[in-house]
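Q: Dropping a structure here in structure tokens format, bear with me for questions.
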Amino acid sequence: MTDGRHIPQEDLAFYAMGALTPEEAAEMRAHVDACALCRGELAAAAGDLALMAMSVEQHAVPEGARQRFQARIAEDAGVAAESESSTRVPAQVISMEALPRGRAAWPMWVAWGAVAALVVLAAGLELRVRSLDRQLQQQTALVEVQQAANARAQMVMELLSAPNAQHVLLTAAKSKPAPMAKAIYMRSKGALLLQASNLEPLPGDKTYELWVIPMKGAPMAAGMFKPDAAGNASLVMPDMPIGVEAKAFGVTIEKAGGASTPTMPIVLAGAAPAGGL
Amino acid sequence: MLLQRVAGRDQRAMTEVFDRHSGMAFSVALRVLGDPAQAEDVMQEVFFQVWQNPKSFAPERGSLGAWLAVVVRNRCIDALRRRRPSDSVDDVVLESGTDVADEVERSTMIERVRGVLKGMPQEQRESLELAFFGGLTHAEIAKEKGEPLGTVKTRIRMALISLRKAFQR
């Protein structure tokens, strides 16, 4: 294409028009980047083509195109678009004395009418500015509230996961602490955690078993566990199907190896709050 | 300069740029695409790019109007061929001597171009227009016209030489 020297003019024109194959264009670009003469010729060709483009029959832009463009840049700038009239008509100070008088002159009421219209327009803009200012303040306050909530949630998470935090259980004085357990369940992921404390020790042929009581259908076995010497036990991420909506959770005492249906009595039970995912 | 105000996020200045050049830009887009709605889309997009990055045009690249005409034309060809934008607006460089900012001079030059196009042999004009406004490659033009590739290239070269003579002042 380049004959080892410079690029022919028609090839430069095709390049300027983007009418070459990608391979040809790449070869051309490599030469142009390195050759000032051809770079200049290319710019000249592009200039010729620009005038050719501008020689097309002229058409008016579609109705509303200007307003659409103004709205777009206003949105981009984050500022309300200026009104059509304010940009179309440049602000001018017109002396009343300079106005022509006589039969051809504008009546005075037209001028005062225009003044009144401007006053109304200015008042409208002022109200708009105040309204936007109020909205901005409300949004700012909302953001601050959300930031505070996020910071608090973050602190809670850090506290729960901190390995060196002190965990203290408070109970009524001089009373035997009651067995209790806490389940954390997310049905959308089939994820389940259980932490139990103050559990009674069980003989070797018995086990505690957790049950998920679904909204519909029979209780589902979710896993077995035994307490340690202090009465604490946990069940972490047992194998659970995804999407089971839980109505309640219960713990029973079963034979070692578990059961297919819960055996009464239920030693621990708790209803699942509504709205979980 | 107007674009310096645009760089300062002056919407009024950008609207002035739009008012000054949108007619020409839209006309170029309409000539290539033939569809007013699509032509406006391309035109709006190019002006919006100028708004977002006014420094993409440098005065040494020719006049703003000529530069916009080429950028719009290139974007339209991309749309016509359903391809991604082939170049950044930064890639369009015009000869600085092609200063057609002045309205009178521009009108004179455009009339001269129209005269040259009208006066050149039909085959030359058609080949040049198929390349420039149709976005066809030289191979595609040769196929469409049923003529050898070399013939098409020669015709376009002759057409460009005629145009260049018209621009020499």
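A note on labels: chains of the structure tokens are A, B, ... as shown, every chain counts residues from 1, and ligands are counted from 1 in their shown order.
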Skip segment 3-17 of chain B itself and residues of its chain fewer than 4 positions away, then list as a list in words all residues within 9 Å of it, counting only C-alpha atoms.
A: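 Close residues of segment 3-17 of chain B: Arg66, Phe69, Gln70, Ile73, Ala74, Ala77, Ala81, Glu82 and Thr87 of chain A; His21, Ser22, Phe47, Val50, Trp51, Gln52, Asn53, Pro54, Lys55 and Phe57 of chain B.
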Q: Filtering to N, CA and C atoms, could you give me those residues as a compact mmCIF listing (two decimals), in the first residue's frame?
A:
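Output below, filename result07.txt:
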# COMPACT_ATOMS: atom_id res chain seq x y z
N ARG A 66 -33.09 20.92 20.16
CA ARG A 66 -32.32 21.84 21.01
C ARG A 66 -32.69 21.64 22.49
N PHE A 69 -31.29 18.47 23.83
CA PHE A 69 -29.86 18.57 24.11
C PHE A 69 -29.63 19.36 25.39
N GLN A 70 -30.37 20.46 25.54
CA GLN A 70 -30.21 21.26 26.77
C GLN A 70 -30.54 20.43 28.00
N ILE A 73 -27.62 18.00 28.77
CA ILE A 73 -26.42 18.57 29.41
C ILE A 73 -26.76 19.10 30.80
N ALA A 74 -28.01 19.56 30.96
CA ALA A 74 -28.40 20.03 32.30
C ALA A 74 -28.41 18.87 33.27
N ALA A 77 -24.94 18.02 34.07
CA ALA A 77 -24.31 18.99 34.95
C ALA A 77 -24.96 18.99 36.33
N ALA A 81 -32.15 22.62 33.58
CA ALA A 81 -31.91 23.33 32.33
C ALA A 81 -32.52 24.72 32.39
N GLU A 82 -31.81 25.60 31.79
CA GLU A 82 -32.36 26.95 31.72
C GLU A 82 -33.54 26.96 30.78
N THR A 87 -32.45 31.54 27.16
CA THR A 87 -31.26 31.36 26.33
C THR A 87 -31.47 31.90 24.94
N HIS B 21 -23.80 25.04 15.14
CA HIS B 21 -23.35 23.95 14.26
C HIS B 21 -24.34 22.80 14.09
N SER B 22 -25.44 22.79 14.85
CA SER B 22 -26.32 21.62 14.80
C SER B 22 -26.97 21.46 13.43
N PHE B 47 -22.49 16.00 19.94
CA PHE B 47 -22.45 17.25 20.71
C PHE B 47 -22.29 16.95 22.20
N VAL B 50 -18.77 16.42 22.92
CA VAL B 50 -18.06 17.71 22.99
C VAL B 50 -18.28 18.35 24.36
N TRP B 51 -19.52 18.23 24.85
CA TRP B 51 -19.84 18.78 26.18
C TRP B 51 -19.02 18.08 27.27
N GLN B 52 -18.92 16.78 27.13
CA GLN B 52 -18.19 16.03 28.16
C GLN B 52 -16.68 16.20 28.04
N ASN B 53 -16.22 16.36 26.82
CA ASN B 53 -14.77 16.46 26.62
C ASN B 53 -14.44 17.52 25.57
N PRO B 54 -14.63 18.78 25.90
CA PRO B 54 -14.40 19.84 24.91
C PRO B 54 -12.94 19.92 24.45
N LYS B 55 -12.04 19.37 25.25
CA LYS B 55 -10.62 19.44 24.87
C LYS B 55 -10.28 18.46 23.74
N PHE B 57 -11.38 18.64 20.92
CA PHE B 57 -11.15 19.47 19.75
C PHE B 57 -10.10 20.52 20.09
Q: Which residues of chain A sit at most 6 Å from chain B, using only C-alpha atoms? Give each one's shortest atom pair and distance in Å (one decimal place), in chain and ascending residue order, as a Markdown table.
A:
| residue | atom | partner | partner_atom | distance |
| --- | --- | --- | --- | --- |
| A:Glu10 | CA | B:Arg157 | CA | 5.0 |
| A:Ala19 | CA | B:Thr137 | CA | 4.4 |
| A:Leu20 | CA | B:Thr137 | CA | 5.9 |
| A:Ala43 | CA | B:Leu94 | CA | 4.4 |
| A:Ala44 | CA | B:Glu95 | CA | 4.7 |
| A:Ala46 | CA | B:Leu94 | CA | 5.3 |
| A:Gly47 | CA | B:Leu94 | CA | 4.8 |
| A:Ala50 | CA | B:Ala66 | CA | 5.2 |
| A:Ser55 | CA | B:Ile110 | CA | 5.0 |
| A:Gln58 | CA | B:Ser27 | CA | 5.3 |
| A:His59 | CA | B:Ser27 | CA | 5.3 |
| A:Ala60 | CA | B:Gly23 | CA | 5.5 |
| A:Val61 | CA | B:Gly23 | CA | 5.5 |
Q: Just the helix (DSSP H, G or I) stuff from segment 5-165 of chain B, please, per backbone DSSP, written as a ChimeraX atom specification.
A: /B:5-7,11-33,36-52,54-56,59-61,64-80,89-91,103-119,122-132,138-145,149-165
Q: Have a look at atom CA of Asp205 of chain A and atom CA of Asn232 of chain A and let me know their distance in Å, one decimal.
A: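 Rounded to one decimal, the two atoms are 18.5 Å apart.
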Q: Pick the closest to Leu33 of chain B from B:Arg20, B:Lys143, B:Lys118, B:Arg82: which is it, counting only C-alpha atoms?
A: B:Arg82
